[in-house]
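start.cif follows (mmCIF, C-alpha atoms and all ligand atoms):
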data_upload
loop_
_atom_site.label_atom_id
_atom_site.label_comp_id
_atom_site.auth_asym_id
_atom_site.auth_seq_id
_atom_site.Cartn_x
_atom_site.Cartn_y
_atom_site.Cartn_z
CA MET A 1092 40.79 -21.78 -5.79
CA THR A 1093 38.27 -24.49 -6.75
CA GLN A 1094 35.42 -23.37 -8.99
CA PRO A 1095 32.26 -23.02 -6.91
CA THR A 1096 29.52 -25.28 -8.23
CA GLU A 1097 26.67 -24.19 -6.01
CA ARG A 1098 25.10 -20.79 -5.68
CA VAL A 1099 24.10 -19.05 -2.47
CA PHE A 1100 21.15 -16.66 -2.17
CA SER A 1101 19.79 -14.80 0.83
CA GLY A 1102 17.92 -11.62 1.63
CA ILE A 1103 17.14 -9.10 4.32
CA GLN A 1104 14.24 -6.69 4.63
CA PRO A 1105 14.95 -2.95 4.83
CA THR A 1106 12.49 -2.53 7.69
CA GLY A 1107 14.74 -1.01 10.37
CA ASP A 1108 18.09 -1.37 12.10
CA ILE A 1109 19.97 -4.57 11.28
CA HIS A 1110 20.33 -6.18 14.70
CA ILE A 1111 22.42 -8.82 16.40
CA GLY A 1112 19.77 -11.47 15.58
CA ASN A 1113 20.15 -10.73 11.86
CA TYR A 1114 23.92 -10.68 12.23
CA LEU A 1115 24.32 -13.91 14.21
CA GLY A 1116 21.43 -15.69 12.47
CA ALA A 1117 22.42 -14.77 8.92
CA ILE A 1118 24.82 -11.98 7.89
CA LYS A 1119 27.92 -13.27 9.64
CA LYS A 1120 27.46 -16.52 7.70
CA TRP A 1121 26.91 -14.56 4.46
CA VAL A 1122 30.33 -12.94 4.85
CA GLU A 1123 31.99 -16.27 5.57
CA ILE A 1124 30.27 -18.14 2.77
CA SER A 1125 30.95 -15.55 0.08
CA GLU A 1126 34.63 -16.54 0.31
CA ARG A 1127 33.68 -20.01 -0.99
CA TYR A 1128 30.61 -19.79 -3.21
CA ASP A 1129 29.04 -17.63 -5.87
CA SER A 1130 26.92 -15.61 -3.45
CA ILE A 1131 24.02 -13.28 -4.14
CA PHE A 1132 22.53 -11.14 -1.38
CA CYS A 1133 19.46 -9.02 -1.75
CA ILE A 1134 17.80 -6.11 0.05
CA VAL A 1135 14.21 -7.29 -0.28
CA ASP A 1136 12.22 -4.06 -0.58
CA ASP A 1137 9.30 -5.75 -2.39
CA HIS A 1138 8.92 -7.91 0.73
CA ALA A 1139 9.14 -4.90 3.04
CA ILE A 1140 6.04 -3.30 1.50
CA THR A 1141 3.81 -6.24 2.45
CA VAL A 1142 3.17 -4.52 5.81
CA ASP A 1143 2.48 -0.89 6.69
CA TYR A 1144 5.42 1.33 5.66
CA ASN A 1145 6.36 4.88 4.73
CA PRO A 1146 7.22 5.23 1.00
CA ALA A 1147 9.12 8.49 1.63
CA LYS A 1148 11.48 6.69 4.02
CA LEU A 1149 11.94 3.45 2.07
CA PRO A 1150 14.88 4.52 -0.17
CA ARG A 1151 16.88 5.64 2.90
CA MET A 1152 16.11 2.33 4.62
CA VAL A 1153 17.26 0.37 1.58
CA PHE A 1154 20.48 2.39 1.51
CA GLU A 1155 21.06 1.88 5.25
CA ALA A 1156 20.51 -1.88 4.95
CA ALA A 1157 23.06 -2.08 2.12
CA LEU A 1158 25.54 0.12 4.00
CA THR A 1159 25.18 -1.96 7.17
CA GLY A 1160 25.63 -5.19 5.21
CA MET A 1161 28.82 -3.84 3.64
CA ALA A 1162 30.02 -2.60 7.03
CA CYS A 1163 29.43 -6.12 8.40
CA GLY A 1164 31.88 -7.36 5.78
CA LEU A 1165 29.92 -8.04 2.58
CA ASP A 1166 32.50 -7.23 -0.06
CA PRO A 1167 31.15 -6.35 -3.54
CA GLN A 1168 34.31 -7.92 -5.01
CA LYS A 1169 33.37 -11.24 -3.46
CA CYS A 1170 29.58 -11.27 -3.65
CA THR A 1171 26.68 -9.73 -5.53
CA LEU A 1172 24.64 -7.27 -3.50
CA PHE A 1173 21.53 -5.71 -5.01
CA VAL A 1174 18.01 -4.41 -4.39
CA GLN A 1175 15.06 -6.67 -5.20
CA SER A 1176 12.86 -4.04 -6.91
CA HIS A 1177 15.75 -3.17 -9.27
CA VAL A 1178 15.28 -6.61 -10.88
CA PRO A 1179 11.58 -6.86 -11.81
CA GLU A 1180 11.90 -10.53 -12.76
CA HIS A 1181 11.44 -11.37 -9.05
CA VAL A 1182 7.86 -10.16 -9.19
CA GLU A 1183 7.27 -11.80 -12.55
CA LEU A 1184 8.43 -15.22 -11.37
CA THR A 1185 6.27 -14.85 -8.27
CA TRP A 1186 3.19 -14.57 -10.44
CA LEU A 1187 4.18 -17.61 -12.47
CA PHE A 1188 4.87 -19.59 -9.27
CA ASN A 1189 1.46 -18.58 -7.94
CA THR A 1190 0.00 -20.88 -10.58
CA VAL A 1191 1.59 -23.95 -8.96
CA THR A 1192 1.37 -22.92 -5.28
CA PRO A 1193 -1.44 -24.53 -3.26
CA LEU A 1194 -3.46 -22.09 -1.15
CA GLY A 1195 -3.47 -24.65 1.66
CA SER A 1196 0.32 -24.48 1.96
CA LEU A 1197 0.22 -20.69 2.22
CA PHE A 1198 -2.44 -20.82 4.91
CA ARG A 1199 -0.09 -22.96 7.01
CA MET A 1200 2.66 -20.31 7.10
CA THR A 1201 3.32 -19.30 10.72
CA GLN A 1202 4.81 -15.93 9.81
CA PHE A 1203 1.70 -15.01 7.85
CA LYS A 1204 -0.53 -15.94 10.78
CA GLU A 1205 1.61 -13.89 13.19
CA LYS A 1206 1.87 -10.85 10.96
CA SER A 1207 -1.79 -10.89 10.00
CA ARG A 1208 -2.79 -11.19 13.65
CA ASN A 1209 -0.57 -8.18 14.43
CA ALA A 1210 -2.27 -6.28 11.59
CA LEU A 1211 -5.65 -7.07 13.15
CA TYR A 1212 -4.57 -5.92 16.63
CA LYS A 1213 -3.17 -2.72 15.15
CA ALA A 1214 -6.35 -2.09 13.18
CA ILE A 1215 -8.49 -2.63 16.28
CA ALA A 1216 -6.25 -0.41 18.41
CA LYS A 1217 -6.60 2.39 15.85
CA LYS A 1218 -10.39 2.27 16.03
CA GLU A 1219 -12.11 4.30 18.69
CA GLY A 1220 -15.25 4.05 20.80
CA GLU A 1221 -18.10 2.33 19.06
CA ALA A 1222 -16.04 1.21 16.07
CA GLN A 1223 -13.66 -0.59 18.40
CA SER A 1224 -16.43 -2.29 20.37
CA SER A 1225 -18.09 -3.33 17.14
CA ALA A 1226 -14.83 -4.95 15.89
CA LEU A 1227 -14.43 -6.78 19.19
CA TYR A 1228 -18.09 -7.80 19.03
CA GLN A 1229 -17.50 -9.29 15.57
CA ILE A 1230 -14.59 -11.34 16.88
CA LYS A 1231 -16.67 -12.55 19.80
CA SER A 1232 -19.50 -13.54 17.44
CA LEU A 1233 -17.04 -15.44 15.35
CA GLY A 1234 -15.88 -17.32 18.46
CA ASP A 1235 -19.49 -18.17 19.35
CA ALA A 1236 -20.24 -19.32 15.80
CA THR A 1237 -17.14 -21.51 15.83
CA VAL A 1238 -18.18 -23.20 19.06
CA LYS A 1239 -21.67 -23.77 17.62
CA GLN A 1240 -20.28 -25.31 14.46
CA LEU A 1241 -17.93 -27.54 16.41
CA THR A 1242 -20.86 -28.70 18.53
CA ALA A 1243 -22.78 -29.52 15.36
CA LEU A 1244 -19.83 -31.54 14.11
CA GLN A 1245 -19.52 -33.43 17.39
CA PRO A 1246 -21.73 -36.45 16.43
CA ASP A 1247 -19.72 -36.99 13.24
CA LEU A 1248 -16.45 -36.72 15.15
CA THR A 1249 -17.70 -39.23 17.73
CA ALA A 1250 -18.85 -41.65 15.02
CA LEU A 1251 -15.41 -41.59 13.42
CA GLU A 1252 -13.55 -44.82 14.13
CA PRO A 1253 -9.90 -44.37 13.26
CA GLU A 1254 -9.23 -48.12 13.62
CA GLY A 1255 -12.25 -49.32 11.60
CA GLN A 1256 -13.17 -49.24 7.90
CA PRO A 1257 -13.07 -45.68 6.53
CA ASP A 1258 -16.57 -44.29 6.13
CA GLU A 1259 -15.94 -41.99 3.19
CA ALA A 1260 -19.15 -40.00 3.46
CA LEU A 1261 -18.47 -39.33 7.13
CA ILE A 1262 -14.85 -38.31 6.48
CA ALA A 1263 -15.98 -36.00 3.67
CA ARG A 1264 -18.52 -34.35 6.01
CA ILE A 1265 -15.91 -33.83 8.73
CA ASN A 1266 -13.41 -32.49 6.20
CA ASP A 1267 -15.94 -30.04 4.83
CA GLY A 1268 -16.98 -28.91 8.27
CA LEU A 1269 -13.43 -28.48 9.57
CA GLY A 1270 -12.25 -26.86 6.34
CA GLY A 1271 -15.01 -24.25 6.56
CA LEU A 1272 -14.24 -23.66 10.22
CA MET A 1273 -10.55 -23.19 9.60
CA GLN A 1274 -11.20 -20.72 6.85
CA LYS A 1275 -13.58 -18.69 9.02
CA LEU A 1276 -11.16 -18.75 11.92
CA GLN A 1277 -8.30 -17.55 9.76
CA VAL A 1278 -10.39 -14.74 8.37
CA GLY A 1279 -11.53 -13.86 11.87
CA LEU A 1280 -8.04 -13.96 13.29
CA GLY A 1281 -6.86 -11.14 11.13
CA VAL A 1282 -6.40 -12.45 7.64
CA SER A 1283 -9.09 -10.07 6.50
CA GLU A 1284 -6.91 -7.12 7.60
CA ALA A 1285 -3.75 -8.51 5.97
CA SER A 1286 -2.90 -7.87 2.33
CA ALA A 1287 -2.81 -10.45 -0.43
CA ALA A 1288 0.86 -9.51 -0.80
CA LEU A 1289 1.57 -10.56 2.80
CA PHE A 1290 -0.10 -13.88 2.02
CA ASP A 1291 2.11 -14.26 -1.06
CA TYR A 1292 5.33 -13.28 0.77
CA PRO A 1293 6.72 -16.84 0.79
CA VAL A 1294 6.10 -17.26 -2.95
CA LEU A 1295 8.13 -14.10 -3.64
CA GLN A 1296 10.83 -15.56 -1.40
CA ALA A 1297 10.79 -18.80 -3.43
CA ALA A 1298 11.07 -16.72 -6.62
CA ASP A 1299 14.05 -14.81 -5.17
CA ILE A 1300 15.98 -18.00 -4.58
CA LEU A 1301 14.96 -19.99 -7.65
CA LEU A 1302 15.41 -17.12 -10.11
CA TYR A 1303 19.13 -17.67 -9.53
CA LYS A 1304 18.82 -21.47 -9.20
CA ALA A 1305 20.52 -21.11 -5.83
CA THR A 1306 20.82 -24.26 -3.72
CA LEU A 1307 22.19 -22.86 -0.48
CA VAL A 1308 20.27 -20.37 1.62
CA PRO A 1309 21.87 -18.99 4.78
CA VAL A 1310 18.98 -17.85 6.98
CA GLY A 1311 17.84 -18.07 10.61
CA GLU A 1312 15.70 -20.91 11.93
CA ASP A 1313 12.53 -18.81 11.56
CA GLN A 1314 12.82 -19.13 7.76
CA GLU A 1315 12.79 -22.94 7.61
CA GLN A 1316 9.06 -23.06 6.87
CA HIS A 1317 9.46 -20.60 3.99
CA LEU A 1318 12.21 -22.80 2.57
CA GLU A 1319 9.92 -25.81 2.78
CA LEU A 1320 7.42 -23.91 0.67
CA CYS A 1321 10.21 -23.02 -1.76
CA ARG A 1322 11.01 -26.73 -2.16
CA GLU A 1323 7.35 -27.51 -2.71
CA VAL A 1324 7.01 -24.81 -5.38
CA ALA A 1325 10.14 -26.04 -7.19
CA GLU A 1326 8.95 -29.65 -7.11
CA ARG A 1327 5.48 -28.82 -8.36
CA PHE A 1328 6.85 -26.61 -11.12
CA ASN A 1329 9.36 -29.26 -12.21
CA ARG A 1330 6.73 -32.01 -12.21
CA LYS A 1331 4.39 -29.97 -14.36
CA PHE A 1332 6.71 -28.19 -16.77
CA GLY A 1333 10.18 -29.80 -16.74
CA ASP A 1334 13.24 -30.07 -14.58
CA VAL A 1335 14.31 -26.46 -14.13
CA PHE A 1336 14.73 -25.70 -10.45
CA PRO A 1337 17.08 -27.31 -7.91
CA GLN A 1338 16.46 -28.43 -4.31
CA VAL A 1339 17.33 -25.75 -1.79
CA HIS A 1340 19.00 -26.26 1.57
CA ARG A 1341 19.18 -24.00 4.59
CA ILE A 1342 22.59 -23.11 5.93
CA PRO A 1343 22.25 -22.32 9.62
CA GLY A 1344 23.91 -19.22 11.00
CA GLU A 1345 25.91 -19.04 14.22
CA ALA A 1346 22.74 -18.61 16.30
CA PRO A 1347 19.45 -20.27 15.28
CA ARG A 1348 17.22 -17.74 17.11
CA ILE A 1349 18.24 -14.76 19.19
CA LEU A 1350 15.65 -13.62 21.72
CA GLY A 1351 14.83 -9.93 22.09
CA LEU A 1352 15.71 -7.81 25.12
CA ASP A 1353 12.20 -8.49 26.42
CA GLY A 1354 13.39 -12.09 26.90
CA LYS A 1355 10.15 -13.35 25.38
CA GLN A 1356 9.90 -12.81 21.66
CA LYS A 1357 12.36 -13.25 18.82
CA MET A 1358 14.64 -10.23 18.44
CA SER A 1359 13.02 -8.23 15.69
CA LYS A 1360 13.38 -4.90 13.89
CA SER A 1361 9.73 -4.09 14.38
CA LEU A 1362 9.30 -5.11 18.05
CA ASP A 1363 11.72 -2.56 19.47
CA ASN A 1364 13.48 -5.29 21.45
CA HIS A 1365 16.77 -5.25 19.61
CA ILE A 1366 20.38 -4.10 19.72
CA GLY A 1367 21.42 -2.75 16.32
CA VAL A 1368 24.84 -3.67 15.01
CA LEU A 1369 25.46 0.05 14.47
CA ASP A 1370 24.07 1.19 17.84
CA GLU A 1371 26.36 3.64 19.63
CA PRO A 1372 28.08 2.31 22.79
CA LYS A 1373 25.89 4.46 25.04
CA VAL A 1374 22.73 3.14 23.40
CA ILE A 1375 23.89 -0.46 23.85
CA GLN A 1376 24.59 0.15 27.54
CA LYS A 1377 21.21 1.78 28.03
CA LYS A 1378 19.27 -0.92 26.20
CA LEU A 1379 21.00 -3.70 28.13
CA ALA A 1380 20.49 -1.94 31.46
CA SER A 1381 16.73 -2.36 31.14
CA ALA A 1382 16.83 -5.81 29.50
CA PHE A 1383 14.88 -8.69 30.99
CA THR A 1384 16.78 -11.22 33.18
CA ASP A 1385 15.81 -13.99 35.60
CA PRO A 1386 12.57 -12.66 37.17
CA GLN A 1387 13.20 -14.58 40.40
CA ARG A 1388 16.38 -12.64 41.02
CA ILE A 1389 15.32 -9.54 42.89
CA ARG A 1390 18.32 -8.86 45.14
CA ARG A 1391 21.93 -9.27 44.05
CA SER A 1392 22.39 -12.01 46.68
CA ASP A 1393 19.50 -14.11 45.26
CA PRO A 1394 20.89 -17.16 43.47
CA GLY A 1395 20.29 -16.78 39.72
CA ARG A 1396 19.42 -19.29 37.00
CA PRO A 1397 21.68 -18.57 34.00
CA GLU A 1398 19.95 -21.30 31.97
CA ILE A 1399 16.76 -19.22 31.75
CA CYS A 1400 18.42 -15.80 31.51
CA ASN A 1401 18.55 -14.27 28.04
CA ILE A 1402 21.47 -12.03 28.98
CA PHE A 1403 23.50 -15.08 29.89
CA SER A 1404 22.57 -16.76 26.59
CA LEU A 1405 23.87 -13.69 24.71
CA HIS A 1406 27.23 -14.00 26.48
CA ARG A 1407 27.71 -17.20 24.51
CA TYR A 1408 28.32 -15.16 21.34
CA PHE A 1409 30.42 -12.34 22.76
CA THR A 1410 32.28 -13.54 25.85
CA THR A 1411 35.19 -15.94 26.30
CA GLU A 1412 34.49 -19.35 27.77
CA GLY A 1413 36.55 -18.68 30.90
CA LYS A 1414 34.69 -15.46 31.66
CA ARG A 1415 31.35 -17.16 30.99
CA GLU A 1416 32.14 -19.85 33.56
CA GLU A 1417 33.05 -17.18 36.08
CA LEU A 1418 29.78 -15.33 35.43
CA GLU A 1419 27.75 -18.52 35.62
CA GLN A 1420 29.20 -19.54 38.98
CA GLY A 1421 28.87 -16.02 40.37
CA CYS A 1422 25.25 -15.79 39.22
CA ARG A 1423 24.30 -19.14 40.76
CA ALA A 1424 26.05 -18.25 44.02
CA GLY A 1425 24.49 -14.77 44.12
CA THR A 1426 27.92 -13.08 44.16
CA ILE A 1427 27.76 -11.47 40.71
CA GLY A 1428 24.69 -9.29 40.09
CA CYS A 1429 22.74 -8.75 36.87
CA PHE A 1430 24.18 -5.24 36.65
CA ASP A 1431 27.77 -6.54 36.43
CA CYS A 1432 26.76 -9.34 34.07
CA LYS A 1433 25.09 -6.82 31.73
CA LYS A 1434 28.03 -4.44 31.99
CA GLU A 1435 30.41 -7.19 30.88
CA LEU A 1436 28.11 -8.09 27.98
CA ALA A 1437 27.71 -4.45 26.90
CA GLY A 1438 31.51 -4.00 26.88
CA ASN A 1439 32.00 -7.13 24.78
CA ILE A 1440 29.26 -6.26 22.27
CA ILE A 1441 30.67 -2.73 21.91
CA THR A 1442 34.15 -4.14 21.22
CA ALA A 1443 32.86 -6.81 18.81
CA PHE A 1444 31.00 -4.27 16.66
CA GLU A 1445 33.55 -1.47 16.78
CA PRO A 1446 35.18 -2.39 13.42
CA ILE A 1447 31.67 -2.57 11.87
CA ARG A 1448 30.78 0.89 13.22
CA ASN A 1449 34.05 2.25 11.86
CA ARG A 1450 33.49 0.78 8.40
CA ALA A 1451 29.94 2.17 8.42
CA ASP A 1452 31.37 5.66 9.10
CA THR A 1453 33.69 5.28 6.10
CA PHE A 1454 30.78 4.29 3.83
CA ARG A 1455 28.70 7.15 5.18
CA GLN A 1456 31.43 9.54 4.05
CA ASN A 1457 31.52 7.83 0.62
CA PRO A 1458 27.89 6.88 -0.10
CA GLN A 1459 28.75 6.43 -3.77
CA LEU A 1460 30.63 3.24 -2.84
CA VAL A 1461 27.34 1.73 -1.68
CA ILE A 1462 25.37 3.00 -4.69
CA ASP A 1463 28.03 1.67 -7.11
CA ALA A 1464 28.05 -1.74 -5.39
CA LEU A 1465 24.26 -1.97 -5.72
CA GLU A 1466 24.41 -0.97 -9.38
CA ALA A 1467 27.07 -3.60 -10.18
CA GLY A 1468 24.94 -6.12 -8.27
CA ARG A 1469 21.85 -5.17 -10.24
CA ALA A 1470 23.64 -5.62 -13.57
CA ARG A 1471 24.86 -9.09 -12.68
CA SER A 1472 21.58 -10.26 -11.11
CA SER A 1473 19.54 -8.97 -14.05
CA GLU A 1474 21.57 -11.04 -16.46
CA ILE A 1475 20.92 -14.31 -14.60
CA ALA A 1476 17.30 -13.40 -13.86
CA SER A 1477 16.41 -12.69 -17.49
CA GLN A 1478 17.92 -16.01 -18.59
CA THR A 1479 15.77 -17.92 -16.09
CA ILE A 1480 12.63 -16.03 -17.05
CA GLY A 1481 13.37 -16.78 -20.73
CA GLU A 1482 13.62 -20.48 -19.93
CA VAL A 1483 10.42 -20.43 -17.84
CA HIS A 1484 8.48 -18.48 -20.49
CA GLN A 1485 9.47 -21.03 -23.08
CA LEU A 1486 8.16 -23.89 -20.93
CA LEU A 1487 4.93 -22.10 -20.04
CA GLY A 1488 4.15 -20.97 -23.58
CA LEU A 1489 4.50 -17.30 -22.64
CA GLY A 1490 6.41 -14.41 -24.17
CA ARG A 1491 7.23 -13.21 -27.66
CA ARG A 1492 9.55 -16.07 -28.53
CA ALA A 1493 6.86 -18.65 -27.76
CA LEU A 1494 4.47 -16.86 -30.12
CA GLY A 1495 7.11 -16.96 -32.86
CA GLN A 1496 7.36 -20.74 -32.43
CA MET A 1497 3.59 -21.26 -32.43
CA GLN A 1498 2.42 -24.68 -33.63
CA LYS A 1499 0.09 -24.67 -36.56
P1 LIG B 1 14.42 -10.56 7.73
O1 LIG B 1 14.88 -9.22 7.34
O2 LIG B 1 13.24 -10.67 8.64
O3 LIG B 1 15.60 -11.35 8.43
C1 LIG B 1 16.88 -11.41 7.84
C2 LIG B 1 17.64 -12.64 8.35
O4 LIG B 1 17.85 -12.53 9.76
C3 LIG B 1 17.38 -13.74 10.39
N1 LIG B 1 16.85 -13.36 11.71
C4 LIG B 1 17.21 -13.93 12.87
N2 LIG B 1 18.06 -14.92 13.16
C5 LIG B 1 18.21 -15.27 14.46
N3 LIG B 1 17.56 -14.65 15.48
C6 LIG B 1 16.69 -13.64 15.24
N4 LIG B 1 16.06 -13.03 16.22
C7 LIG B 1 16.47 -13.24 13.88
N5 LIG B 1 15.70 -12.30 13.28
C8 LIG B 1 15.94 -12.39 11.96
C9 LIG B 1 16.31 -14.28 9.47
O5 LIG B 1 16.14 -15.67 9.65
C10 LIG B 1 16.88 -13.94 8.12
O6 LIG B 1 17.81 -14.92 7.70
N6 LIG B 1 12.10 -13.64 4.71
C11 LIG B 1 13.50 -13.20 4.90
C12 LIG B 1 13.96 -12.28 3.78
C13 LIG B 1 14.04 -12.95 2.44
C14 LIG B 1 14.88 -14.03 2.07
C15 LIG B 1 14.61 -14.26 0.69
C16 LIG B 1 15.79 -14.81 2.74
C17 LIG B 1 13.33 -12.58 1.35
N7 LIG B 1 13.66 -13.37 0.27
C18 LIG B 1 15.26 -15.29 -0.02
C19 LIG B 1 16.44 -15.83 2.04
C20 LIG B 1 16.17 -16.06 0.68
C21 LIG B 1 13.63 -12.55 6.28
O7 LIG B 1 13.31 -13.16 7.24
O8 LIG B 1 14.14 -11.30 6.37
#

Now that the file is in, can you turn its structure into structure tokens?
Ligand code: TYM
Amino acid sequence: MTQPTERVFSGIQPTGDIHIGNYLGAIKKWVEISERYDSIFCIVDDHAITVDYNPAKLPRMVFEAALTGMACGLDPQKCTLFVQSHVPEHVELTWLFNTVTPLGSLFRMTQFKEKSRNALYKAIAKKEGEAQSSALYQIKSLGDATVKQLTALQPDLTALEPEGQPDEALIARINDGLGGLMQKLQVGLGVSEASAALFDYPVLQAADILLYKATLVPVGEDQEQHLELCREVAERFNRKFGDVFPQVHRIPGEAPRILGLDGKQKMSKSLDNHIGVLDEPKVIQKKLASAFTDPQRIRRSDPGRPEICNIFSLHRYFTTEGKREELEQGCRAGTIGCFDCKKELAGNIITAFEPIRNRADTFRQNPQLVIDALEAGRARSSEIASQTIGEVHQLLGLGRRALGQMQK
């Protein structure tokens, strides 16, 4: 076997059932890649607490995530599997990275905007009567104020001539005006309800990866923007303090983005639109039975459009090519109904995940196997993490050793 020269790092949040999006977007690749590279996989519980959660349930969720990962094929003999909060250096490096991370880059993060907006909706939904109307009134006022400010900016925007000589005073005025507007809008759109930790989520993710100087990160397409931030943090750190951190690259999984059973949003643990890899056969059948298909297909004889049907797109990962062609033709001709198409898919998903369900049962009967794997993973990760923190402390003038080497 050739000696692996690059290191792999990836993580998953213990926020609910691991689903087929996680599996096809990431974990299946983790299993494959750990045969070839030094691979470190992490249950990111510090990330999971950036949104509302139940502390009493968290340890069980961490355990379930580790058990499911092992059932999917993560072998502690071939990779390092551990829990983020067991290695406190992750949080420490996050703080140090905060010093080189531009606020502007964090404000651009799509996931933050989505999650903070959800936090706002939830907060408003929880309010009642007058409190709710007052929150909605505040949002409306913000909208009105934004329109007013934009109107005030209009003459400057009109005077701007992109082709002509830059008028620096004008550009500065527009920048100031738009900057202020953006900030107000972001606050209004929910940022004020979100935690500072949610805002910092991508910096913790950069710390996760760079603590181990990993270069390869197998994650779904939705994480590309977070990896861009990770690259930016590494570059800024290196420029300021010395060449410590490598460039990271995303390794795509088998599926870039699996849609949820609602056919609209990304499959997600929190949206209740998923099929869990450990779901029982009956549950899979039931969930698929009510899943969204082509809305124009009302009767079985209506010709369907497989290209816009999420059920058909899922067949790609579970059904043979020959059978897919048969389903596609039958759907277009209106001879195979959604019921039969879903039944075929349910059968294939159940068969595909049967070995995973069986391995999960074995681990459930021997939970110590999971606990021992996590402990071995912690020991190994800690060793690498403390070396990196030592190196970073030295460069930043922090820590006991730096004090010992103080210049006169
Ligand atoms: P999490 O738990 O949200 O997702 C875990 C992995 O599953 C992928 N994924 C999907 N892929 C395709 N289709 C979907 N519907 C779908 N839903 C989720 C995600 O892209 C991810 O690869 N922020 C990370 C956790 C993390 C991390 C890290 C990852 C924390 N630190 C360091 C890599 C490196 C996340 O999205 O977790």

Could you list, with a cut-off of 6 Å and counting all atoms listed in the file, the residues of chain A near ligand LIG 1 (chain B), each shown with its nearest atom pair and the distance in Å rounded to one decimal, rows sorted by chain and ascending number, as a Markdown table?
| residue | atom | partner | partner_atom | distance |
| --- | --- | --- | --- | --- |
| A:Phe1100 | CA | B:LIG1 | C20 | 5.8 |
| A:Ser1101 | CA | B:LIG1 | C19 | 3.7 |
| A:Gly1102 | CA | B:LIG1 | C14 | 3.9 |
| A:Ile1103 | CA | B:LIG1 | O1 | 3.8 |
| A:Gln1104 | CA | B:LIG1 | O1 | 3.8 |
| A:Gly1112 | CA | B:LIG1 | C6 | 3.8 |
| A:Asn1113 | CA | B:LIG1 | O4 | 3.6 |
| A:Gly1116 | CA | B:LIG1 | N2 | 3.5 |
| A:Ala1117 | CA | B:LIG1 | O6 | 4.8 |
| A:Val1135 | CA | B:LIG1 | C17 | 5.6 |
| A:Gln1296 | CA | B:LIG1 | N7 | 3.9 |
| A:Asp1299 | CA | B:LIG1 | C18 | 5.3 |
| A:Ile1300 | CA | B:LIG1 | C18 | 5.4 |
| A:Val1308 | CA | B:LIG1 | C19 | 6.0 |
| A:Val1310 | CA | B:LIG1 | O6 | 3.2 |
| A:Gly1311 | CA | B:LIG1 | O5 | 3.1 |
| A:Glu1312 | CA | B:LIG1 | O5 | 5.7 |
| A:Asp1313 | CA | B:LIG1 | O5 | 5.2 |
| A:Gln1314 | CA | B:LIG1 | O5 | 5.2 |
| A:Ala1346 | CA | B:LIG1 | C5 | 5.9 |
| A:Pro1347 | CA | B:LIG1 | C5 | 5.2 |
| A:Arg1348 | CA | B:LIG1 | N3 | 3.5 |
| A:Ile1349 | CA | B:LIG1 | N3 | 3.8 |
| A:Leu1350 | CA | B:LIG1 | N4 | 5.5 |
| A:Lys1357 | CA | B:LIG1 | N4 | 4.5 |
| A:Met1358 | CA | B:LIG1 | N4 | 3.8 |
| A:Ser1359 | CA | B:LIG1 | N5 | 5.4 |

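Distance-wise, CA of Gly1425 in chain A and CA of Asp1393 in chain A end up 5.2 Å apart.
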
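From CA of Ser1381 in chain A back to CA of Leu1115 in chain A, the distance works out to 21.9 Å.
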
If you count only C-alpha atoms, which residues fall within 10 Å of His1406 in chain A, apart from same-chain ones fewer than 2 positions away, as a list in words? Asn1401, Ile1402, Phe1403, Ser1404, Tyr1408, Phe1409, Thr1410, Thr1411, Glu1412, Lys1414, Arg1415, Leu1418, Cys1432, Lys1433, Glu1435, Leu1436, Ala1437, Asn1439 and Ile1440 of chain A

Considering all atoms listed in the file, return as an NGL selection string whatever protein or nucleic-acid residues lie within 10 Å of Gly1421 in chain A, sequence-local ones (same chain, fewer than 3 positions apart) excluded. :A and (1392 or 1394-1395 or 1397 or 1415-1418 or 1424-1428 or 1432)

Give me the residues near range 1260-1272 of chain A as a PyMOL selection string, where near means some atom within 12 Å (using only C-alpha atoms) and where sequence neighbours in that chain fewer than 6 positions away do not count. chain A and resi 1195+1198+1233-1253+1278-1280

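Here the question is which of A:Leu1172, A:Tyr1114, A:Leu1289, A:Gln1223 gets nearest to Thr1141 in chain A using only C-alpha atoms, and that residue is A:Leu1289.
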
Nearby residues (all atoms listed in the file) at most 12 Å from Asp1452 in chain A, same-chain spacing under 4 positions excluded, as a count of residues only: 15

Who sits within 12 Å of Pro1193 in chain A, all atoms listed in the file, same chain under 4 positions skipped, as a PyMOL selection string: chain A and resi 1188-1189+1197-1200+1290-1291+1293-1294+1320-1321+1323-1324+1327-1328

Counting all atoms listed in the file, the option among A:Arg1407, A:Arg1388, A:His1138, A:Lys1434 closest to Lys1373 in chain A: A:Lys1434

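Across A:Gln1229, A:Gln1478, A:Ser1472, A:Gln1376, the tightest approach to Cys1133 in chain A is made by A:Ser1472 when counting all atoms listed in the file.
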
For CA of Thr1384 in chain A and CA of Ile1111 in chain A, the interatomic separation in Å (one decimal): 17.9 Å

Judged by all atoms listed in the file, the minimum distance to Tyr1303 in chain A among A:Pro1372, A:Pro1337, A:Gly1351, A:Gly1490 is found for A:Pro1337

From the set A:Arg1450, A:Arg1330, A:Arg1151, A:His1340, which residue has the shortest atom-to-atom contact distance to Asp1166 in chain A, counting all atoms listed in the file? A:Arg1450
